[in-house]
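Shown here: data.txt, compact mmCIF, C-alpha atoms.
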```txt
# COMPACT_ATOMS: atom_id res chain seq x y z
CA MET A 14 -129.57 -39.78 48.46
CA ASP A 15 -132.79 -41.46 49.59
CA ALA A 16 -132.74 -44.75 51.47
CA PRO A 17 -133.56 -47.52 51.84
CA PHE A 18 -134.13 -48.50 48.24
CA ILE A 19 -133.60 -52.17 47.38
CA ARG A 20 -133.70 -52.66 43.60
CA VAL A 21 -132.55 -56.28 43.55
CA GLU A 22 -132.29 -58.77 46.37
CA PRO A 23 -128.74 -58.51 47.70
CA PRO A 24 -126.27 -59.74 46.76
CA GLY A 25 -127.18 -58.73 43.22
CA PRO A 26 -125.39 -59.92 40.07
CA ARG A 27 -122.61 -57.31 40.18
CA ALA A 28 -122.01 -57.97 43.86
CA ARG A 29 -121.77 -61.71 43.21
CA GLU A 30 -119.05 -61.09 40.61
CA VAL A 31 -116.93 -59.35 43.26
CA LEU A 32 -117.68 -61.98 45.89
CA GLU A 33 -116.55 -64.77 43.58
CA LYS A 34 -113.16 -63.11 43.02
CA ASP A 35 -112.58 -61.87 46.57
CA SER A 36 -111.37 -65.17 48.03
CA ASN A 37 -108.88 -65.58 45.18
CA VAL A 38 -107.30 -62.20 45.89
CA LEU A 39 -107.49 -61.56 49.63
CA MET A 40 -106.44 -63.61 52.65
CA GLN A 41 -109.70 -64.46 54.40
CA SER A 42 -108.54 -63.54 57.91
CA PHE A 43 -111.48 -61.26 58.56
CA VAL A 44 -115.21 -61.78 58.99
CA ARG A 45 -117.74 -60.14 56.68
CA TRP A 46 -121.14 -59.60 58.26
CA TYR A 47 -123.18 -59.93 55.04
CA PRO A 48 -122.43 -59.73 51.28
CA LEU A 49 -122.42 -55.93 50.97
CA VAL A 50 -120.26 -54.71 48.08
CA VAL A 51 -120.06 -50.94 48.39
CA GLU A 52 -119.94 -48.68 45.31
CA THR A 53 -120.42 -45.22 46.85
CA ALA A 54 -121.81 -43.45 49.89
CA HIS A 55 -123.06 -39.98 50.80
CA GLY A 56 -123.96 -38.66 54.24
CA ALA A 57 -125.57 -41.55 56.11
CA VAL A 58 -126.53 -43.56 53.02
CA VAL A 59 -124.51 -46.33 51.33
CA GLU A 60 -125.10 -47.59 47.78
CA ASP A 61 -123.89 -50.98 46.58
CA VAL A 62 -122.68 -52.00 43.10
CA ASP A 63 -126.21 -53.04 42.10
CA GLY A 64 -127.78 -49.70 43.01
CA ASN A 65 -129.30 -50.79 46.34
CA ARG A 66 -129.30 -48.06 48.97
CA TYR A 67 -128.95 -48.57 52.70
CA ILE A 68 -129.18 -46.50 55.87
CA ASP A 69 -125.75 -46.71 57.46
CA PHE A 70 -125.91 -47.62 61.14
CA ASN A 71 -122.25 -48.70 61.02
CA SER A 72 -120.39 -45.57 59.86
CA GLY A 73 -117.79 -47.86 58.31
CA LEU A 74 -117.02 -49.23 61.79
CA ALA A 75 -117.47 -45.90 63.63
CA VAL A 76 -115.16 -44.09 61.21
CA MET A 77 -117.37 -41.82 59.09
CA ASN A 78 -118.44 -39.52 61.91
CA VAL A 79 -119.09 -36.54 59.63
CA GLY A 80 -120.77 -38.74 57.05
CA HIS A 81 -119.58 -40.15 53.76
CA LEU A 82 -118.01 -37.81 51.20
CA HIS A 83 -118.62 -34.65 53.16
CA PRO A 84 -117.87 -31.91 50.61
CA LYS A 85 -115.59 -30.00 53.00
CA VAL A 86 -113.51 -33.12 53.63
CA VAL A 87 -113.29 -33.88 49.92
CA SER A 88 -112.24 -30.29 49.17
CA ALA A 89 -109.57 -30.34 51.88
CA ILE A 90 -108.16 -33.59 50.52
CA LYS A 91 -108.07 -32.26 46.94
CA ARG A 92 -106.34 -29.04 47.96
CA GLN A 93 -103.68 -30.85 49.94
CA ALA A 94 -103.16 -33.55 47.29
CA GLU A 95 -102.25 -30.82 44.80
CA LYS A 96 -99.60 -29.44 47.19
CA LEU A 97 -97.89 -32.31 49.02
CA LEU A 98 -98.66 -36.03 49.28
CA HIS A 99 -95.80 -37.13 51.52
CA TYR A 100 -92.55 -36.08 53.13
CA SER A 101 -91.70 -38.10 56.22
CA LEU A 102 -92.48 -36.18 59.38
CA THR A 103 -90.06 -38.37 61.34
CA ASP A 104 -87.10 -36.82 59.50
CA PHE A 105 -88.33 -33.40 58.39
CA TYR A 106 -91.05 -30.81 59.03
CA TYR A 107 -94.21 -29.52 57.39
CA LYS A 108 -96.67 -26.97 58.66
CA GLU A 109 -99.80 -29.14 58.33
CA ALA A 110 -98.57 -31.30 61.20
CA VAL A 111 -98.45 -28.25 63.45
CA GLU A 112 -101.57 -26.44 62.24
CA VAL A 113 -103.85 -29.49 62.43
CA GLY A 114 -102.07 -30.64 65.58
CA GLU A 115 -103.13 -27.44 67.31
CA LYS A 116 -106.74 -28.21 66.40
CA ILE A 117 -106.42 -31.76 67.70
CA LYS A 118 -104.86 -30.59 70.95
CA GLY A 119 -107.80 -28.23 71.30
CA ILE A 120 -110.34 -31.05 71.42
CA MET A 121 -108.38 -33.45 73.64
CA PRO A 122 -109.20 -33.61 77.37
CA PHE A 123 -105.85 -32.42 78.77
CA LYS A 124 -106.00 -29.52 81.21
CA GLY A 125 -102.33 -28.57 80.95
CA ASP A 126 -99.75 -28.69 78.19
CA SER A 127 -99.86 -31.76 75.97
CA ARG A 128 -98.00 -33.32 73.05
CA LEU A 129 -99.04 -35.47 70.08
CA PHE A 130 -97.62 -38.37 68.10
CA TYR A 131 -99.02 -39.29 64.68
CA ALA A 132 -99.55 -42.88 63.57
CA ASN A 133 -101.61 -44.57 60.85
CA SER A 134 -104.22 -46.64 62.71
CA GLY A 135 -105.84 -47.38 66.02
CA ALA A 136 -103.67 -50.42 66.66
CA GLU A 137 -100.56 -48.34 66.03
CA THR A 138 -101.65 -45.76 68.58
CA VAL A 139 -102.09 -48.49 71.19
CA GLU A 140 -98.66 -49.90 70.38
CA GLY A 141 -97.22 -46.41 70.75
CA ALA A 142 -99.05 -45.79 74.02
CA MET A 143 -97.59 -49.01 75.46
CA LYS A 144 -94.08 -47.89 74.53
CA ILE A 145 -94.62 -44.37 75.84
CA ALA A 146 -95.94 -45.70 79.17
CA ARG A 147 -93.06 -48.13 79.68
CA GLY A 148 -90.50 -45.71 78.30
CA HIS A 149 -91.65 -42.92 80.60
CA PHE A 150 -90.53 -45.04 83.54
CA LYS A 151 -87.30 -46.00 81.74
CA GLY A 152 -88.07 -49.70 82.07
CA SER A 153 -88.62 -49.71 85.83
CA ARG A 154 -92.34 -50.43 85.41
CA GLN A 155 -92.96 -53.21 82.93
CA TYR A 156 -96.52 -54.32 83.72
CA ILE A 157 -99.67 -53.09 82.01
CA ILE A 158 -103.17 -53.80 83.32
CA GLY A 159 -105.92 -54.21 80.73
CA PHE A 160 -109.55 -55.33 80.90
CA LEU A 161 -111.42 -58.45 79.89
CA GLY A 162 -113.70 -57.84 76.93
CA ALA A 163 -111.39 -55.14 75.58
CA PHE A 164 -110.45 -54.71 71.95
CA HIS A 165 -107.34 -52.64 71.21
CA GLY A 166 -106.25 -54.01 67.83
CA ARG A 167 -104.59 -57.04 66.27
CA THR A 168 -100.91 -56.15 66.03
CA MET A 169 -98.74 -58.05 68.50
CA GLY A 170 -98.70 -55.45 71.24
CA ALA A 171 -102.32 -54.38 70.82
CA VAL A 172 -103.60 -57.95 70.70
CA SER A 173 -101.68 -58.69 73.90
CA ILE A 174 -104.02 -56.27 75.68
CA THR A 175 -107.08 -57.30 73.65
CA ALA A 176 -109.31 -59.84 75.41
CA SER A 177 -112.46 -59.79 73.30
CA LYS A 178 -112.48 -63.12 71.44
CA PRO A 179 -110.10 -66.10 71.66
CA VAL A 180 -109.76 -66.25 67.87
CA GLN A 181 -107.98 -62.89 67.95
CA ARG A 182 -105.18 -64.39 70.10
CA LYS A 183 -105.21 -68.06 69.13
CA TRP A 184 -101.92 -69.35 67.61
CA PHE A 185 -100.03 -66.08 68.17
CA SER A 186 -98.40 -66.68 71.54
CA PRO A 187 -96.07 -65.84 73.08
CA LEU A 188 -97.57 -62.38 73.13
CA VAL A 189 -96.01 -59.31 74.70
CA PRO A 190 -95.28 -60.22 78.33
CA GLY A 191 -96.26 -58.23 81.38
CA VAL A 192 -99.96 -57.76 80.56
CA ILE A 193 -102.53 -58.52 83.28
CA HIS A 194 -106.26 -58.62 82.56
CA VAL A 195 -108.96 -57.75 85.09
CA PRO A 196 -112.78 -57.68 84.74
CA TYR A 197 -114.51 -54.69 83.17
CA PRO A 198 -117.50 -53.30 85.14
CA TYR A 199 -120.15 -54.79 82.84
CA SER A 200 -123.11 -53.96 85.06
CA TYR A 201 -125.68 -56.02 83.15
CA ARG A 202 -123.50 -59.10 83.65
CA CYS A 203 -121.38 -58.02 86.61
CA PRO A 204 -118.64 -60.58 87.39
CA PHE A 205 -119.13 -59.84 91.10
CA LYS A 206 -122.16 -59.79 93.37
CA ALA A 207 -123.60 -56.33 93.01
CA GLU A 208 -127.06 -54.87 93.39
CA THR A 209 -126.36 -51.65 91.48
CA PRO A 210 -124.01 -50.51 88.70
CA GLU A 211 -122.07 -48.45 91.24
CA GLU A 212 -121.53 -51.53 93.41
CA CYS A 213 -120.22 -53.33 90.34
CA GLY A 214 -117.77 -50.50 89.69
CA GLU A 215 -116.56 -50.54 93.30
CA ALA A 216 -116.18 -54.32 93.20
CA VAL A 217 -113.88 -54.15 90.16
CA ILE A 218 -111.74 -51.48 91.83
CA GLY A 219 -111.66 -53.63 94.97
CA TYR A 220 -110.54 -56.65 92.95
CA ILE A 221 -107.67 -54.67 91.43
CA GLU A 222 -106.60 -53.35 94.83
CA ASP A 223 -107.07 -56.50 96.93
CA TRP A 224 -106.07 -59.20 94.48
CA ILE A 225 -103.91 -57.81 91.69
CA LEU A 226 -101.94 -55.05 93.41
CA SER A 227 -101.79 -56.83 96.78
CA LYS A 228 -101.16 -60.42 95.73
CA MET A 229 -99.92 -60.55 92.14
CA VAL A 230 -97.79 -57.54 91.24
CA ASP A 231 -96.36 -54.66 93.23
CA PRO A 232 -97.96 -51.41 92.06
CA THR A 233 -94.52 -49.82 91.71
CA GLU A 234 -93.97 -52.18 88.76
CA VAL A 235 -97.18 -51.23 86.93
CA ALA A 236 -96.70 -48.66 84.16
CA ALA A 237 -100.30 -48.16 83.09
CA PHE A 238 -103.94 -49.06 83.09
CA ILE A 239 -105.19 -49.23 79.48
CA ILE A 240 -108.96 -49.01 79.15
CA GLU A 241 -111.72 -48.19 76.69
CA PRO A 242 -113.93 -45.64 78.48
CA ILE A 243 -116.84 -47.41 76.78
CA GLN A 244 -116.05 -50.92 75.59
CA GLY A 245 -116.56 -51.25 71.85
CA GLU A 246 -116.33 -54.74 70.47
CA GLY A 247 -116.91 -56.07 73.99
CA GLY A 248 -120.56 -55.02 73.68
CA TYR A 249 -120.85 -51.21 73.71
CA ILE A 250 -120.64 -51.39 77.47
CA VAL A 251 -120.93 -48.15 79.44
CA PRO A 252 -119.19 -48.33 82.83
CA PRO A 253 -120.93 -47.19 86.04
CA ASP A 254 -120.54 -43.47 86.65
CA ASN A 255 -118.26 -44.03 89.65
CA PHE A 256 -115.79 -46.31 87.87
CA LEU A 257 -113.48 -44.13 85.77
CA PRO A 258 -113.08 -41.47 88.50
CA ARG A 259 -112.22 -44.27 90.98
CA LEU A 260 -109.73 -45.80 88.52
CA ARG A 261 -108.15 -42.37 88.07
CA ARG A 262 -107.73 -42.03 91.84
CA LEU A 263 -106.29 -45.54 92.12
CA ALA A 264 -103.79 -44.76 89.37
CA ASP A 265 -102.77 -41.52 91.08
CA GLU A 266 -102.37 -43.29 94.42
CA HIS A 267 -99.73 -45.60 92.96
CA GLY A 268 -98.16 -43.38 90.32
CA ILE A 269 -99.65 -45.50 87.50
CA LEU A 270 -100.48 -43.88 84.16
CA LEU A 271 -104.07 -43.94 82.91
CA VAL A 272 -104.25 -44.64 79.17
CA VAL A 273 -107.67 -44.33 77.55
CA ASP A 274 -108.24 -46.00 74.20
CA GLU A 275 -110.67 -43.68 72.42
CA VAL A 276 -110.10 -45.13 68.97
CA GLN A 277 -113.83 -45.93 68.65
CA THR A 278 -115.34 -43.60 71.26
CA GLY A 279 -113.58 -40.43 70.16
CA VAL A 280 -114.15 -37.47 67.83
CA GLY A 281 -117.77 -36.84 68.83
CA ARG A 282 -119.08 -40.41 68.68
CA THR A 283 -120.59 -40.22 72.19
CA GLY A 284 -121.76 -36.61 72.03
CA GLU A 285 -118.51 -35.35 73.54
CA TRP A 286 -115.21 -34.88 71.72
CA TYR A 287 -113.89 -37.78 73.81
CA ALA A 288 -115.88 -40.13 76.02
CA VAL A 289 -113.85 -39.49 79.19
CA ASN A 290 -115.39 -36.02 79.21
CA HIS A 291 -118.67 -37.60 80.35
CA TRP A 292 -116.97 -38.39 83.65
CA ARG A 293 -114.63 -35.36 83.81
CA VAL A 294 -111.63 -37.67 83.92
CA GLU A 295 -108.27 -36.48 82.61
CA PRO A 296 -106.10 -39.30 81.27
CA ASP A 297 -102.34 -39.29 81.03
CA ILE A 298 -102.36 -40.69 77.49
CA LEU A 299 -105.19 -40.91 74.95
CA THR A 300 -105.33 -42.85 71.69
CA SER A 301 -107.50 -41.65 68.79
CA ALA A 302 -108.09 -42.92 65.24
CA LYS A 303 -111.19 -44.11 63.32
CA GLY A 304 -113.30 -40.93 63.11
CA ILE A 305 -110.39 -38.48 63.19
CA ALA A 306 -109.77 -38.32 59.42
CA SER A 307 -113.03 -39.45 57.81
CA GLY A 308 -111.66 -42.73 56.47
CA LEU A 309 -108.09 -41.73 55.65
CA PRO A 310 -105.37 -43.52 57.64
CA LEU A 311 -104.48 -41.47 60.70
CA GLY A 312 -103.96 -42.28 64.34
CA VAL A 313 -103.06 -39.79 67.05
CA ILE A 314 -101.58 -40.34 70.49
CA GLY A 315 -102.11 -37.42 72.83
CA GLY A 316 -100.60 -37.13 76.27
CA LYS A 317 -99.47 -34.85 79.03
CA LYS A 318 -96.24 -33.08 78.13
CA GLU A 319 -94.35 -34.63 81.01
CA VAL A 320 -95.41 -38.13 79.97
CA MET A 321 -94.75 -37.80 76.23
CA ASP A 322 -91.00 -37.86 76.81
CA LEU A 323 -89.55 -40.67 74.67
CA PRO A 324 -86.03 -39.72 73.46
CA PRO A 325 -85.23 -39.05 69.79
CA GLY A 326 -84.98 -42.21 67.71
CA SER A 327 -86.98 -44.40 70.10
CA HIS A 328 -90.31 -44.24 68.27
CA ALA A 329 -91.23 -43.03 64.78
CA SER A 330 -93.45 -43.68 61.76
CA THR A 331 -92.64 -43.08 58.09
CA PHE A 332 -96.24 -42.41 57.10
CA GLY A 333 -97.66 -41.18 60.42
CA GLY A 334 -99.09 -37.69 60.06
CA ASN A 335 -99.47 -37.88 56.30
CA PRO A 336 -100.35 -34.36 55.09
CA VAL A 337 -103.44 -35.48 53.15
CA SER A 338 -104.78 -37.38 56.16
CA LEU A 339 -104.08 -34.34 58.32
CA ALA A 340 -106.01 -32.10 55.92
CA ALA A 341 -109.00 -34.43 56.30
CA ALA A 342 -108.65 -34.36 60.09
CA GLY A 343 -108.62 -30.58 60.17
CA ALA A 344 -111.80 -30.52 58.10
CA VAL A 345 -113.47 -33.09 60.36
CA ILE A 346 -112.91 -30.96 63.45
CA ASP A 347 -114.20 -27.84 61.69
CA ILE A 348 -117.32 -29.66 60.44
CA ILE A 349 -118.22 -31.07 63.84
CA ARG A 350 -117.98 -27.58 65.32
CA GLU A 351 -119.71 -25.69 62.50
CA GLU A 352 -122.58 -28.16 62.12
CA ASN A 353 -123.13 -28.73 65.86
CA LEU A 354 -122.64 -32.47 65.43
CA LEU A 355 -121.91 -33.10 69.10
CA GLU A 356 -125.38 -31.81 69.86
CA ASN A 357 -126.91 -33.85 67.02
CA ALA A 358 -125.19 -36.97 68.35
CA ARG A 359 -126.74 -36.38 71.76
CA ILE A 360 -130.20 -35.54 70.40
CA GLN A 361 -130.44 -38.43 67.94
CA GLY A 362 -128.77 -40.81 70.39
CA ASP A 363 -131.22 -39.98 73.17
CA TYR A 364 -134.08 -40.46 70.73
CA ILE A 365 -132.81 -43.85 69.53
CA MET A 366 -132.33 -45.08 73.09
CA LYS A 367 -135.80 -43.83 74.05
CA ARG A 368 -137.40 -45.73 71.18
CA PHE A 369 -135.58 -48.97 72.00
CA LYS A 370 -136.47 -48.65 75.68
CA GLU A 371 -140.11 -48.18 74.71
CA MET A 372 -139.87 -51.36 72.61
CA MET A 373 -138.83 -53.25 75.74
CA ASP A 374 -142.45 -52.98 76.93
CA TYR A 375 -143.62 -55.31 74.18
CA ILE A 376 -140.47 -56.97 72.79
CA ASP A 377 -138.93 -59.20 75.44
CA LEU A 378 -135.99 -60.05 73.18
CA ILE A 379 -134.38 -56.77 74.30
CA GLY A 380 -132.52 -57.23 77.58
CA GLU A 381 -130.79 -53.90 77.96
CA VAL A 382 -130.34 -50.62 76.08
CA ARG A 383 -127.20 -48.63 76.88
CA GLY A 384 -124.97 -46.00 75.33
CA LYS A 385 -123.83 -42.42 75.03
CA GLY A 386 -124.57 -40.24 72.03
CA LEU A 387 -124.49 -42.31 68.85
CA MET A 388 -122.65 -45.23 70.42
CA ILE A 389 -125.55 -47.45 71.46
CA GLY A 390 -125.79 -51.12 72.35
CA VAL A 391 -129.06 -53.08 72.35
CA GLU A 392 -128.38 -56.40 74.05
CA LEU A 393 -130.63 -59.26 72.97
CA VAL A 394 -131.49 -62.15 75.29
CA LYS A 395 -133.63 -65.25 75.04
CA ASN A 396 -134.93 -64.72 78.56
CA ARG A 397 -134.64 -61.57 80.68
CA GLU A 398 -134.37 -63.54 83.91
CA THR A 399 -131.57 -65.85 82.80
CA LYS A 400 -130.04 -63.29 80.41
CA GLU A 401 -129.13 -66.08 78.00
CA PRO A 402 -127.62 -64.40 74.91
CA ALA A 403 -129.81 -64.48 71.81
CA ARG A 404 -126.98 -65.11 69.33
CA LYS A 405 -128.98 -66.69 66.52
CA GLU A 406 -131.84 -64.22 66.82
CA MET A 407 -129.33 -61.38 66.61
CA SER A 408 -127.74 -62.86 63.48
CA TRP A 409 -131.18 -63.24 61.87
CA ILE A 410 -132.02 -59.59 62.59
CA ILE A 411 -128.69 -58.28 61.25
CA ASN A 412 -128.92 -60.23 58.01
CA ASN A 413 -132.57 -59.39 57.41
CA ALA A 414 -131.96 -55.71 58.17
CA PHE A 415 -129.37 -55.78 55.37
CA LYS A 416 -131.92 -57.26 52.98
CA ARG A 417 -134.36 -54.46 53.89
CA GLY A 418 -131.92 -51.59 53.65
CA VAL A 419 -130.33 -51.07 57.08
CA LEU A 420 -126.64 -51.74 57.73
CA ILE A 421 -126.03 -52.83 61.31
CA ILE A 422 -123.59 -55.20 62.99
CA SER A 423 -123.11 -56.66 66.45
CA ALA A 424 -120.80 -56.21 69.42
CA GLY A 425 -120.11 -58.55 72.30
CA VAL A 426 -122.01 -61.83 72.30
CA SER A 427 -125.49 -60.67 71.29
CA THR A 428 -125.62 -56.88 71.18
CA LEU A 429 -126.81 -54.81 68.23
CA ARG A 430 -124.17 -52.13 67.63
CA ILE A 431 -125.70 -48.81 66.61
CA ALA A 432 -123.23 -46.20 65.40
CA PRO A 433 -124.59 -44.07 62.54
CA PRO A 434 -122.74 -40.99 61.25
CA LEU A 435 -123.16 -37.94 63.45
CA VAL A 436 -124.88 -36.18 60.54
CA ILE A 437 -127.81 -38.63 60.49
CA THR A 438 -131.26 -37.05 60.29
CA ARG A 439 -134.37 -37.90 62.29
CA ASP A 440 -136.09 -39.11 59.12
CA LEU A 441 -133.39 -41.71 58.43
CA VAL A 442 -133.29 -42.69 62.10
CA ASP A 443 -137.04 -43.32 62.14
CA ARG A 444 -136.98 -45.30 58.92
CA ALA A 445 -134.17 -47.50 60.19
CA LEU A 446 -135.79 -47.98 63.60
CA ASP A 447 -139.12 -48.91 62.05
CA ILE A 448 -137.40 -51.69 60.11
CA LEU A 449 -135.44 -52.89 63.16
CA GLU A 450 -138.56 -52.82 65.34
CA ASP A 451 -140.43 -54.94 62.82
CA LEU A 452 -137.58 -57.45 62.69
CA LEU A 453 -137.30 -57.59 66.48
CA LYS A 454 -141.00 -58.46 66.62
CA LYS A 455 -140.72 -61.11 63.90
CA ALA A 456 -137.41 -62.69 64.88
CA PRO A 457 -137.83 -66.50 65.14
CA ARG A 458 -137.25 -67.51 68.73
CA ASN A 459 -134.86 -70.28 69.75
CA VAL A 460 -133.59 -70.60 66.19
```
How does the structure come out when it is put into structure tokens?
Amino acid sequence: MDAPFIRVEPPGPRAREVLEKDSNVLMQSFVRWYPLVVETAHGAVVEDVDGNRYIDFNSGLAVMNVGHLHPKVVSAIKRQAEKLLHYSLTDFYYKEAVEVGEKIKGIMPFKGDSRLFYANSGAETVEGAMKIARGHFKGSRQYIIGFLGAFHGRTMGAVSITASKPVQRKWFSPLVPGVIHVPYPYSYRCPFKAETPEECGEAVIGYIEDWILSKMVDPTEVAAFIIEPIQGEGGYIVPPDNFLPRLRRLADEHGILLVVDEVQTGVGRTGEWYAVNHWRVEPDILTSAKGIASGLPLGVIGGKKEVMDLPPGSHASTFGGNPVSLAAAGAVIDIIREENLLENARIQGDYIMKRFKEMMDYIDLIGEVRGKGLMIGVELVKNRETKEPARKEMSWIINNAFKRGVLIISAGVSTLRIAPPLVITRDLVDRALDILEDLLKKAPRNV
């Protein structure tokens, strides 16, 4: 499917029909970026109800890692749907849970024996990880340390660790108690005085040691650190290279579990199966969802065998590990291996970052370009010296990219979030980047 191809200015007449009915059917508790009404999608191209085609730089919120409607995924779903749609794994057994589970264990970053738990979403995996961490210590360690800027989901436990936007927490208190938030090592806007990214990473570790664990809570009462190895909604923020290894050592020093939320970063998104592999860090617990089942509801908690020790009856899910979702997950893993999509993510990601960094020479709206693989953030600023966020300019670019055939959204305050499917081709990348470059040049300043 070729793209972009804009037949009628979006939203077209068919899209407007859907938009008019939407508010009468759905609770409007979410934010739509622009009036895109999707009809179908193939590979890295999305088509709306009016026949407009777009290059997908969203991947359905970092979900469609192997592209839309990959034929092997569709075939796996059809085969499984003709055999078994559901039979609760919490009460009985079926072989798909074991066969696909062995594949999933094979891509997770655990050196020794590990165990899995199936859920239905990213938020559910975070909820489960919180229970596993506290339950492992049989209630003797009730505190959990999370990070400012983090997004872990919107259910009550997950939103208690989330600290991305006030609107996500407003009106819902009291939240789950025992959660402490500390700064994330956001080098471009380091919350501490630091000359280099590594100094920023050390400063955050120092803050946790000297202020949180020395003055606020005894480390023997802390069950876990929960962290995104690359912050997603917080701004596609890559930590300094020294940070995650130092956090791992700090956790080991005090017997604290390290939980990595790889809901958005996992399943090849960063050019590795999981982002912690970039730093050779082994977590105790890992959460995975989004890209694992190509759009079907599936979340997976992986963890070291000795940590995944909740007793029978303490945690379960009626629909977790649905056999059709598992069939899709098995196909996803096979496709990424067979089509060398980890390598393509690295190659295309390096190329995209190179092009944006070259644009910095003549487009001063770009403050920083950062990322791993096909998880890339382009932070926009009004002034590089003051680093004032260019919120309105970013909004103008996103909405005009949509009108010209590129689907892109933001992260953080003013960062363009670039996360195309791992199957994206150089031709589509170039066509999308040409449009974005033109818009970055033309963006009205101080709008």
Please provide as JSON, numbers by chain all residues within 10 Å of stretch 438-450 of chain A, with the sequence filter that same-chain residues fewer than 4 positions apart are discarded (counting only C-alpha atoms).
{"A": [15, 16, 17, 56, 57, 58, 67, 68, 69, 70, 357, 360, 361, 362, 364, 365, 368, 369, 372, 376, 410, 411, 413, 414, 417, 418, 419, 420, 421, 433, 434, 454, 455, 456]}
Taking only C-alpha atoms into account, name the residue in A:Asp61, A:Glu319, A:Glu137, A:Glu356 that is nearest to A:Val276.
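Nearest candidate to A:Val276 out of A:Asp61, A:Glu319, A:Glu137, A:Glu356: A:Glu137.
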Pick the closest to A:Ala432 from A:Val44, A:Ile157, A:Met77, A:Ala89: which is it, counting only C-alpha atoms?
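When distances to A:Ala432 are compared using only C-alpha atoms, the smallest one comes from A:Met77.
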Residue nearest A:Lys118 - candidates A:Arg66, A:Lys416, A:Lys317, A:Lys405, atoms counted: only C-alpha atoms
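Checking each candidate against A:Lys118, we get A:Lys317 as the closest.
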Counting all atoms listed in the file, which residues of stretch 259-301 of chain A fall within 12 Å of stretch 143-155 of chain A, and what is the closest atom pair for each with its distance in Å at one decimal, ordered by chain and rising number, as a tab-separated table?
```
residue	atom	partner	partner_atom	distance
A:His267	CA	A:Arg154	CA	11.6
A:Gly268	CA	A:Phe150	CA	10.3
A:Ile269	CA	A:Arg154	CA	9.1
A:Leu270	CA	A:Ala146	CA	7.0
A:Leu271	CA	A:Ala146	CA	9.1
A:Val272	CA	A:Ala146	CA	8.4
A:Val273	CA	A:Met143	CA	11.3
A:Asp274	CA	A:Met143	CA	11.1
A:Asp297	CA	A:Ala146	CA	9.2
A:Ile298	CA	A:Ala146	CA	8.3
A:Leu299	CA	A:Met143	CA	11.1
A:Thr300	CA	A:Met143	CA	10.6
```
Using all atoms listed in the file, which residues sit within 9 Å of A:Tyr131 once same-chain residues fewer than 2 positions away are excluded, as a PDB file with C-alpha atoms, in the frame of the given file?
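Result file is selection_13.pdb:
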```
ATOM      1  CA  LEU A 102     -92.480 -36.180  59.380  1.00  0.00           C
ATOM      2  CA  ALA A 110     -98.570 -31.300  61.200  1.00  0.00           C
ATOM      3  CA  LEU A 129     -99.040 -35.470  70.080  1.00  0.00           C
ATOM      4  CA  ASN A 133    -101.610 -44.570  60.850  1.00  0.00           C
ATOM      5  CA  THR A 138    -101.650 -45.760  68.580  1.00  0.00           C
ATOM      6  CA  LEU A 311    -104.480 -41.470  60.700  1.00  0.00           C
ATOM      7  CA  GLY A 312    -103.960 -42.280  64.340  1.00  0.00           C
ATOM      8  CA  VAL A 313    -103.060 -39.790  67.050  1.00  0.00           C
ATOM      9  CA  ILE A 314    -101.580 -40.340  70.490  1.00  0.00           C
ATOM     10  CA  GLY A 315    -102.110 -37.420  72.830  1.00  0.00           C
ATOM     11  CA  ALA A 329     -91.230 -43.030  64.780  1.00  0.00           C
ATOM     12  CA  SER A 330     -93.450 -43.680  61.760  1.00  0.00           C
ATOM     13  CA  PHE A 332     -96.240 -42.410  57.100  1.00  0.00           C
ATOM     14  CA  GLY A 333     -97.660 -41.180  60.420  1.00  0.00           C
ATOM     15  CA  GLY A 334     -99.090 -37.690  60.060  1.00  0.00           C
ATOM     16  CA  ASN A 335     -99.470 -37.880  56.300  1.00  0.00           C
TER      17      ASN A 335
END
```
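Candidate residues A:Val111, A:Ile19, A:Val436, A:Ile250 were compared for distance to A:His55, and the nearest is A:Val436, using all atoms listed in the file.
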Of the listed residues A:Gly114, A:Pro198, A:Pro84, A:Pro242, that which approaches A:Ile348 most closely, counting all atoms listed in the file:
A:Pro84
So which one's closest to A:Ser338, A:Leu429, A:Cys213, A:Ala94, A:Ile243? Using all atoms listed in the file, please.
A:Ala94
Any chance you could tabulate, as JSON lines, the residues of stretch 106-203 of chain A at most 12 Å from stretch 23-42 of chain A with each one's nearest atom pair and distance in Å to one decimal, using all atoms listed in the file, in chain and rising number order?
```
{"residue": "A:Arg167", "atom": "CA", "partner": "A:Ser42", "partner_atom": "CA", "distance": 11.3}
{"residue": "A:Val180", "atom": "CA", "partner": "A:Ser42", "partner_atom": "CA", "distance": 10.4}
{"residue": "A:Gln181", "atom": "CA", "partner": "A:Ser42", "partner_atom": "CA", "distance": 10.1}
```
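The space separating atom CA of A:Tyr156 from atom CA of A:Thr278 comes to 25.0 Å.
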